[in-house]
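Chemist: After the structure tokens below, expect a handful of questions from me.
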Amino acid sequence: MSPKLLALLKVDQLAKDSAAVITVRGLQKRYRSTVAVAGLDLAVQRGEIFGLIGPDGAGKTTTFHVLAGVMEASAGDVQVLGRPPGQARMQMGYLTQQFSLYLDLSLEENLRYTAGLRRVPPARYVERRDRYLELMALTPFVNRRAGQLSGGMKQKLALCCALVSQPQILLLDEPTTGVDPVSRREFWDVIATLAATEGTTIVVATPYLDEAERCDRVALMSAGQIQQLGTVPELRQSLGLHRLEVHLAQASDLGRAEVALVGEEMGDRGGTVIVDVQTFGDRLDVLVADRQAGPQQVRSRLGDIAYVDLTLMPPTLENVFVTRLRQQGSDPPFIPFPEQTPRAATPAAGVAIKAEKLGKTFGDFRAVDDVTLTIRHGEIYGLLGANGAGKTTTIKMLCGLLVPTSGAMELAGEKQDLRRSAIRQRLGYMSQKFTLYDDLTIRQNLEFYCGVYGIRRSQRRARIDWVLATCGLEGQGQLMTGRLPQGWKQRVAFGASVMHEPEILFLDEPTSGVDPLARRQFWRLIADLARQGTAILVTTHYLEEAEHCNRMGFMVAGRLVAQGSPQEIKASQPGQLLELVAEPLQAASNCLKAAMAPWRVAMFGDRLHVVVDEPPQDIPQLRSRLQAAHITLHQLRPIPFTLEDAFIGIVQRAGG
Amino acid sequence: MKRILAQARKELSQFWRDRLTVALAIVLPLLTLFIFGFAIRLGSQDLPLVVQDLDISPHSRAYGEQLFATNQFKPVPWPLDRPVAAALDQGQAKAVVVIPPDFQRQITQGQPVTIQVLIDGTDANNARFLQNAIRATTNAFNQSLVPQPLPLPVTVATRLWFNPGRQESLFIVPGVLGVVLWIFPSLLAAIAMVREKERGTIIQVYASDLRAEELLLGKGLAYLGVGLVEALVVIGLAMVIFGLGFAGDPTPFLLGTPIFLAAAVMFGLFVGVRANSQNAAVQGVALVGFLTALLLSGFIYPLANIPFPLSMVSNVVPARYYIALSRDAFVRGSGWPGVWWQVGMILVLGLVLFAVARRLLHRMKLPD
């Protein structure tokens, strides 16, 4: 039987089951000539958290629109709670990708309006508003305008709005895009609580695959169809691969090791069991087809490169995602920058950006306070911090868009008059908000930026073609930019910001909302630019990406609280990190959080990270605590800190 | 009904929050009122006129003086040796009167005499006015020369009804009300509608079971409220500054104004439903709303002068009926018997706009 037929039978089976609250059969959606969804089948059961993952432009948002009843399907049958979606709207809450909030209204006004829209009786409204605001820790801001909230808080408010009518089904379209790791986890804790206590069915799309691991079932979607569907362990097993974590003795060997492992014979896969190699700052993740031959081959390929540790682990959901999509050939190509201009003028390792006690005050709000940093040419500097910590304000000051209230700075060797066009020509800036014109075609947008940055006419064609090819948009230059999926717009915007070969590049969350494959490609381009001598300042909420940075700074409430290389940051973390595999995991997390400081406990995919100060005493205590709560502990082992652990610790300890 | 009120309430909070919009909502209509009220003058005064007197006799001088006796013309000196056509060519005069050399001699001999008049025809309206004015002066001059046999068989006794002083603002300002109260409420409503689409907040509305009419009435109600405040301010100031007062029964006007404002808001919402960006919405209101209210409403140019296919369009311009209503209230004062029809038409057109907007929106779904 064909897999498609099997899937259909499965859906029918589920539909008969009264537990299925959403059934979709043969859903299709076409926009004029483009097909967004091409025959989608799925069934979601009552009370489950159902994850939808897939590359940008896979048709996830369109599927959500149809499920939410705000868009007509071109073909197919969709039933929500046994009715067409249009008739089940009042039983659903829908969180769209764009913030669906009125930014000029206060939190309370936003909530009241949604409650009115969804016919919530006034008495119930007040009770629910208070409960959910409390749950999301938004109560102190109830009279603040939504526009003044940080990204993470906006998403929580949007979730509050969706919850105020107590829907049976929650549709969440990338709710944590652009949200920092701490807020992200808080958001997911709330979702898990809802699913557990109120029996809400949740369908969620996310670009963070560690979040997807918290789902009961996950569907991998691409090209408008579901490629694979199952529980997280099922998906991992189906891959039939093993993951080898390789920790090297010297971080400087990483590049060499990657080349050695990938092998010279990229085209000839016959003799190799190595399927994929990925660098994570201080370690390599190698996917191997065989648990015996794999480690052997890795050892032999590494040759004289010294490694500390070689651990065989189960593959992650990200491995599944990347491998499956590679098999379909949707890996964006890495194309080196065309006709690079040799950089004789910039002295290697010269200072590109220097800030001395930089500060910025808006009214009585101190957005940035005493920031001192130096970034050299050829260096990638990561600026990390929670939403609203002042990263964007810092970047705007450093690239000369905002005048600092206090402090001094130097940009490309200049101290004065930083808005001169001669300096601006040497900078590249990709802001968080899209800098592309939605009502121009992609090519027109790129041509506009070529003109703005004064790229020579003879080079324009090659550069634009390079951006299009890198984005996987060859021959699509005449497409309206506004019609692109969010992740693709981001790719074009990135291309537009580097087209003029800036000496100094500012990237404000370049990868937010971009799928894992494209993110890898971004970082290869960033690394390539850095090798050419470009100084790069980048912000990101993907901490595993931040491992690519040479140095980084952590911001909390406008201040730089820690700086250093990834290794230094991780080494400076207090205590010992423990990894726990427990069941049920959410209960374990809640139980430990109740007993310890919240920053010590964090959920990482299907496991828990816990920081303890005195392992000999704390571990037994921890075990007994979990036992008392009837939680089965499958595994507990000490592990080194990752940057994400460091982030959670630094931000929560400093923020209180 | 509750949801309509919730919608209206949210809309008003949003409007009120943006102080710039609030200021513009009041200042712009007033500015328009003043510009139109003070700047438009339909009657012509002090038109530059060259009189070339080739006769230089008591009669020719008397004729010339009679031309300038009213304030309609302003003399432009012109040397005798220069060709008079040049005065028109160079734009120094709008008309030229040439009195022939034997003017007095021929008159005294009882022979008919012809004077030449050249009129700048660029501005057709003005040209007609000049022609009439010079004719009238010449007739009067003729009568002073040749005593008419008394009594004349037919005489005309004219009396201006309604606006005895021929006060111009009495004609213009009630018309301005029609234009101002049409454009600004509709502009605000159109922007409010399209903003939800631009920001994506409309999806939340679609995701609830709010119906199209509830959405339209909710937003409409809010901007009807804003429009009423605008109307109060604009009409109040118009009455004070331009000395307008109700000429008769004000009830048709007082009832017609809210209906007209509601129609304007519905028009704005209709544009907002069609447009996809604020720019498009503003242009839509400005182009369609403003032009029709200005040109096809009888505000300045008489409705009867609009040629055939366009005259059909003017029948569906609500401002046309409101201007008639407003002129009746402030100038004519005939009350219900004279204007019940206008109030009815505004109501019908408002309902049609509502129905069309509702029809466009009724799916309450994202477009494909």
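Naming works like this for the structure tokens: A, B, ... for the chains as they're shown, residue 1 at the start of each chain, ligands 1 onward in shown order.
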Write out as a ChimeraX atom specification which residues come within 9 Å of region 57-61 of chain B when counting only C-alpha atoms, dropping same-chain ones fewer than 2 positions away.
Modeler: /B:53-55,63-66,99-100,103-104,107
Chemist: For chain B, report every residue with an atom at most 6 Å from chain A (counting only C-alpha atoms), formatted as a list in words.
Modeler: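 Taken together, these residues fit the definition: Arg3, Ala6, Thr201, Tyr206, Ala207, Ser208, Lys365, Leu366 and Asp368 of chain B.
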Chemist: Just write the chosen residues, N, CA and C atoms, as a PDB file, in the first residue's frame.
Modeler:
```
ATOM      1  N   ARG B   3     -22.070  43.287  20.816  1.00  0.00           N
ATOM      2  CA  ARG B   3     -20.797  43.218  20.098  1.00  0.00           C
ATOM      3  C   ARG B   3     -20.587  44.444  19.239  1.00  0.00           C
ATOM      4  N   ALA B   6     -19.276  46.891  21.624  1.00  0.00           N
ATOM      5  CA  ALA B   6     -17.893  46.570  21.995  1.00  0.00           C
ATOM      6  C   ALA B   6     -16.946  47.035  20.895  1.00  0.00           C
ATOM      7  N   THR B 201      -4.792  42.529  12.292  1.00  0.00           N
ATOM      8  CA  THR B 201      -5.721  42.299  13.396  1.00  0.00           C
ATOM      9  C   THR B 201      -7.083  41.823  12.888  1.00  0.00           C
ATOM     10  N   TYR B 206     -12.056  37.888  11.902  1.00  0.00           N
ATOM     11  CA  TYR B 206     -12.541  36.790  11.056  1.00  0.00           C
ATOM     12  C   TYR B 206     -12.624  35.486  11.847  1.00  0.00           C
ATOM     13  N   ALA B 207     -11.689  35.315  12.787  1.00  0.00           N
ATOM     14  CA  ALA B 207     -11.643  34.067  13.539  1.00  0.00           C
ATOM     15  C   ALA B 207     -12.742  33.986  14.593  1.00  0.00           C
ATOM     16  N   SER B 208     -13.455  35.098  14.813  1.00  0.00           N
ATOM     17  CA  SER B 208     -14.617  35.021  15.683  1.00  0.00           C
ATOM     18  C   SER B 208     -15.826  34.921  14.762  1.00  0.00           C
ATOM     19  N   LYS B 365     -13.661  36.502   5.450  1.00  0.00           N
ATOM     20  CA  LYS B 365     -12.509  35.620   5.282  1.00  0.00           C
ATOM     21  C   LYS B 365     -11.397  36.365   4.574  1.00  0.00           C
ATOM     22  N   LEU B 366     -10.199  35.805   4.653  1.00  0.00           N
ATOM     23  CA  LEU B 366      -9.076  36.402   3.942  1.00  0.00           C
ATOM     24  C   LEU B 366      -9.278  36.203   2.445  1.00  0.00           C
ATOM     25  N   ASP B 368      -8.254  35.355  -1.412  1.00  0.00           N
ATOM     26  CA  ASP B 368      -7.342  34.331  -1.951  1.00  0.00           C
ATOM     27  C   ASP B 368      -6.112  34.974  -2.557  1.00  0.00           C
TER      28      ASP B 368
END
```
Chemist: Which residue, B:Phe171, B:Phe270, B:Tyr223, B:Phe253, has the smallest gap to Gly298 (chain B) when you use only C-alpha atoms?
Modeler: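 Closest candidate: B:Phe171.
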Chemist: Using only C-alpha atoms, determine which residues lie at most 12 Å from Tyr301 (chain B), disregarding the query and same-chain residues fewer than 6 positions distant; provide the list as a list in words.
Modeler: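 Final neighbour list, sorted by chain and number: Leu42, Asn125, Phe171, Ile172, Gly175, Thr292, Ala293, Leu294, Leu295, Pro307, Ser311, Ser314 and Arg320 of chain B.
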Chemist: Closest to Tyr208 (chain A) among A:Pro640, A:Pro55, A:Pro516, A:Gly294, using only C-alpha atoms?
Modeler: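 Result for the nearest residue to Tyr208 (chain A): A:Pro516.
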Chemist: Looking only at strand (DSSP E or B) from DSSP on the backbone, list the matching residues of region 166-399 of chain A as an MDAnalysis selection string.
Modeler: chainID A and resid 169:173 201:205 217:222 225:230 242:248 274:280 283:288 307:313 351:362 365:376 380:385
Chemist: Tell me which of B:Pro185, B:Arg159, B:Gln109, B:Val234 sits closest to Leu31 (chain B), counting only C-alpha atoms.
Modeler: B:Val234
Chemist: Need the shell around Leu170 (chain B): protein/DNA/RNA residues with any atom at most 10 Å away, counting only C-alpha atoms. Skip same-chain ones fewer than 4 positions apart. Format as a PyMOL selection string?
Modeler: chain B and resi 37+162-163+165-166+174-175+242-245+327+330-331
Chemist: With N, CA and C atoms retained, could you export that selection as a PDB file, in the first residue's frame?
Modeler:
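The new file again-v6.pdb reads:
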```pdb
ATOM      1  N   GLY B  37     -15.043  78.971   2.535  1.00  0.00           N
ATOM      2  CA  GLY B  37     -15.954  80.042   2.935  1.00  0.00           C
ATOM      3  C   GLY B  37     -15.415  81.416   2.590  1.00  0.00           C
ATOM      4  N   PHE B 162     -35.428  84.814  -0.689  1.00  0.00           N
ATOM      5  CA  PHE B 162     -34.501  84.018   0.157  1.00  0.00           C
ATOM      6  C   PHE B 162     -33.190  84.710   0.542  1.00  0.00           C
ATOM      7  N   ASN B 163     -32.525  85.309  -0.413  1.00  0.00           N
ATOM      8  CA  ASN B 163     -31.232  85.897  -0.039  1.00  0.00           C
ATOM      9  C   ASN B 163     -31.223  87.313  -0.560  1.00  0.00           C
ATOM     10  N   GLY B 165     -30.016  90.110   0.217  1.00  0.00           N
ATOM     11  CA  GLY B 165     -28.797  90.902   0.106  1.00  0.00           C
ATOM     12  C   GLY B 165     -27.811  90.308  -0.875  1.00  0.00           C
ATOM     13  N   ARG B 166     -28.173  89.241  -1.556  1.00  0.00           N
ATOM     14  CA  ARG B 166     -27.261  88.506  -2.431  1.00  0.00           C
ATOM     15  C   ARG B 166     -25.934  88.255  -1.702  1.00  0.00           C
ATOM     16  N   PRO B 174     -23.358  76.844   3.177  1.00  0.00           N
ATOM     17  CA  PRO B 174     -24.155  75.618   3.309  1.00  0.00           C
ATOM     18  C   PRO B 174     -23.658  74.517   2.371  1.00  0.00           C
ATOM     19  N   GLY B 175     -23.111  74.914   1.240  1.00  0.00           N
ATOM     20  CA  GLY B 175     -22.540  73.924   0.321  1.00  0.00           C
ATOM     21  C   GLY B 175     -21.281  73.301   0.892  1.00  0.00           C
ATOM     22  N   PHE B 242     -19.901  83.062   9.704  1.00  0.00           N
ATOM     23  CA  PHE B 242     -20.490  83.514   8.437  1.00  0.00           C
ATOM     24  C   PHE B 242     -21.920  84.015   8.602  1.00  0.00           C
ATOM     25  N   GLY B 243     -22.337  84.098   9.856  1.00  0.00           N
ATOM     26  CA  GLY B 243     -23.641  84.680  10.118  1.00  0.00           C
ATOM     27  C   GLY B 243     -24.808  83.890   9.558  1.00  0.00           C
ATOM     28  N   LEU B 244     -24.673  82.561   9.583  1.00  0.00           N
ATOM     29  CA  LEU B 244     -25.772  81.730   9.107  1.00  0.00           C
ATOM     30  C   LEU B 244     -26.797  81.556  10.222  1.00  0.00           C
ATOM     31  N   GLY B 245     -28.064  81.492   9.840  1.00  0.00           N
ATOM     32  CA  GLY B 245     -29.099  81.196  10.825  1.00  0.00           C
ATOM     33  C   GLY B 245     -30.174  80.391  10.147  1.00  0.00           C
ATOM     34  N   ARG B 327     -28.970  74.185   2.168  1.00  0.00           N
ATOM     35  CA  ARG B 327     -29.330  75.508   1.629  1.00  0.00           C
ATOM     36  C   ARG B 327     -30.760  75.848   1.994  1.00  0.00           C
ATOM     37  N   PHE B 330     -30.764  76.986   5.736  1.00  0.00           N
ATOM     38  CA  PHE B 330     -30.159  78.276   6.076  1.00  0.00           C
ATOM     39  C   PHE B 330     -30.628  79.421   5.187  1.00  0.00           C
ATOM     40  N   VAL B 331     -31.135  79.114   3.990  1.00  0.00           N
ATOM     41  CA  VAL B 331     -31.489  80.189   3.081  1.00  0.00           C
ATOM     42  C   VAL B 331     -32.976  80.207   2.764  1.00  0.00           C
TER      43      VAL B 331
END
```
Chemist: Kindly give the distance, in Å, that separates CA of Ile4 (chain B) and CA of Gly350 (chain B), rounded to a single decimal.
Modeler: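 According to the coordinates, CA of Ile4 (chain B) and CA of Gly350 (chain B) are separated by 18.4 Å.
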Chemist: Take CA of Ala389 (chain A) and CA of Leu560 (chain A) and report the distance between them in Å, one decimal.
Modeler: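 Separation between CA of Ala389 (chain A) and CA of Leu560 (chain A): 9.4 Å.
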Chemist: Contacts of Leu130 (chain B) at 9 Å or less, counting only C-alpha atoms, minus same-chain residues fewer than 2 places along, as a short mmCIF file (atom, residue, chain, number, x, y, z; two decimals) with N, CA and C atoms, in the first residue's frame?
Modeler:
```cif
data_model
loop_
_atom_site.label_atom_id
_atom_site.label_comp_id
_atom_site.auth_asym_id
_atom_site.auth_seq_id
_atom_site.Cartn_x
_atom_site.Cartn_y
_atom_site.Cartn_z
N LEU B 47 -12.89 93.81 -12.79
CA LEU B 47 -12.27 93.17 -13.95
C LEU B 47 -11.54 94.25 -14.75
N GLN B 72 -17.76 96.74 -11.09
CA GLN B 72 -17.49 95.55 -11.89
C GLN B 72 -16.19 95.68 -12.68
N LYS B 94 -9.26 92.07 -19.42
CA LYS B 94 -10.14 90.96 -19.77
C LYS B 94 -11.05 91.34 -20.94
N ALA B 95 -11.19 92.66 -21.15
CA ALA B 95 -12.04 93.11 -22.26
C ALA B 95 -11.56 94.49 -22.73
N ILE B 119 -13.53 90.52 -26.07
CA ILE B 119 -13.58 89.88 -24.75
C ILE B 119 -12.66 88.66 -24.73
N ASN B 125 -17.08 81.51 -18.41
CA ASN B 125 -18.00 82.07 -17.44
C ASN B 125 -17.87 83.58 -17.36
N ASN B 126 -16.62 83.99 -17.22
CA ASN B 126 -16.31 85.41 -17.12
C ASN B 126 -16.71 86.14 -18.39
N ALA B 127 -16.45 85.49 -19.53
CA ALA B 127 -16.73 86.13 -20.81
C ALA B 127 -18.22 86.45 -20.92
N ARG B 128 -19.03 85.47 -20.48
CA ARG B 128 -20.48 85.69 -20.54
C ARG B 128 -20.86 86.85 -19.64
N ASN B 132 -22.61 90.43 -20.82
CA ASN B 132 -23.86 90.92 -20.26
C ASN B 132 -23.71 92.29 -19.63
N ALA B 133 -22.62 92.46 -18.91
CA ALA B 133 -22.42 93.73 -18.20
C ALA B 133 -22.29 94.88 -19.19
N ILE B 134 -21.53 94.66 -20.28
CA ILE B 134 -21.34 95.74 -21.25
C ILE B 134 -22.65 96.01 -21.99
N ARG B 135 -23.38 94.95 -22.30
CA ARG B 135 -24.71 95.13 -22.93
C ARG B 135 -25.62 95.96 -22.05
#
```
Chemist: Separation of CA of Ile49 (chain A) and CA of Asp645 (chain A), in Å?
Modeler: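 Value for the CA of Ile49 (chain A)-CA of Asp645 (chain A) distance: 25.0 Å.
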Chemist: Going by DSSP on the backbone, which residues of region 448-619 of chain A come out as alpha helix (DSSP H)? List them as a count of residues only.
Modeler: 74
Chemist: Near Leu592 (chain A), counting only C-alpha atoms, which residues have an atom at most 8 Å away, once you skip same-chain residues fewer than 6 positions from it, shown as a list of chain:residue names?
Modeler: A:Val601, A:Leu622, A:Arg625, A:Leu626
Chemist: Select, from B:Leu269, B:Val317, B:Leu80, B:Ala324, the residue with the minimum atom-to-atom distance to Val348 (chain B), counting only C-alpha atoms.
Modeler: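 The answer is B:Val317, which sits nearest to Val348 (chain B).
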Chemist: Which residues are close to Leu440 (chain A), i.e. within 10 Å by only C-alpha atoms, leaving aside same-chain residues fewer than 5 positions away? Reply as a ChimeraX atom specification.
Modeler: /A:445-446,448,478-482
Chemist: Store the residues picked out above in a file with N, CA and C atoms, as a tab-separated table (two decimals), in the first residue's frame.
Modeler:
```
chain	number	residue	atom	x	y	z
A	445	ASN	N	13.27	45.48	-5.33
A	445	ASN	CA	13.81	45.75	-4.01
A	445	ASN	C	15.32	45.71	-4.03
A	446	LEU	N	15.86	44.66	-4.65
A	446	LEU	CA	17.32	44.50	-4.66
A	446	LEU	C	17.97	45.61	-5.50
A	448	PHE	N	16.82	48.55	-5.87
A	448	PHE	CA	16.75	49.76	-5.06
A	448	PHE	C	17.93	49.82	-4.10
A	478	GLN	N	10.59	38.40	-10.25
A	478	GLN	CA	9.45	39.28	-10.53
A	478	GLN	C	8.32	39.05	-9.53
A	479	LEU	N	8.52	38.18	-8.54
A	479	LEU	CA	7.49	37.91	-7.54
A	479	LEU	C	7.32	39.12	-6.62
A	480	MET	N	6.08	39.40	-6.23
A	480	MET	CA	5.84	40.48	-5.28
A	480	MET	C	6.42	40.09	-3.92
A	481	THR	N	7.20	40.99	-3.33
A	481	THR	CA	7.83	40.66	-2.06
A	481	THR	C	6.79	40.35	-0.98
A	482	GLY	N	5.69	41.09	-1.02
A	482	GLY	CA	4.66	40.89	0.00
A	482	GLY	C	4.07	39.49	0.01
```
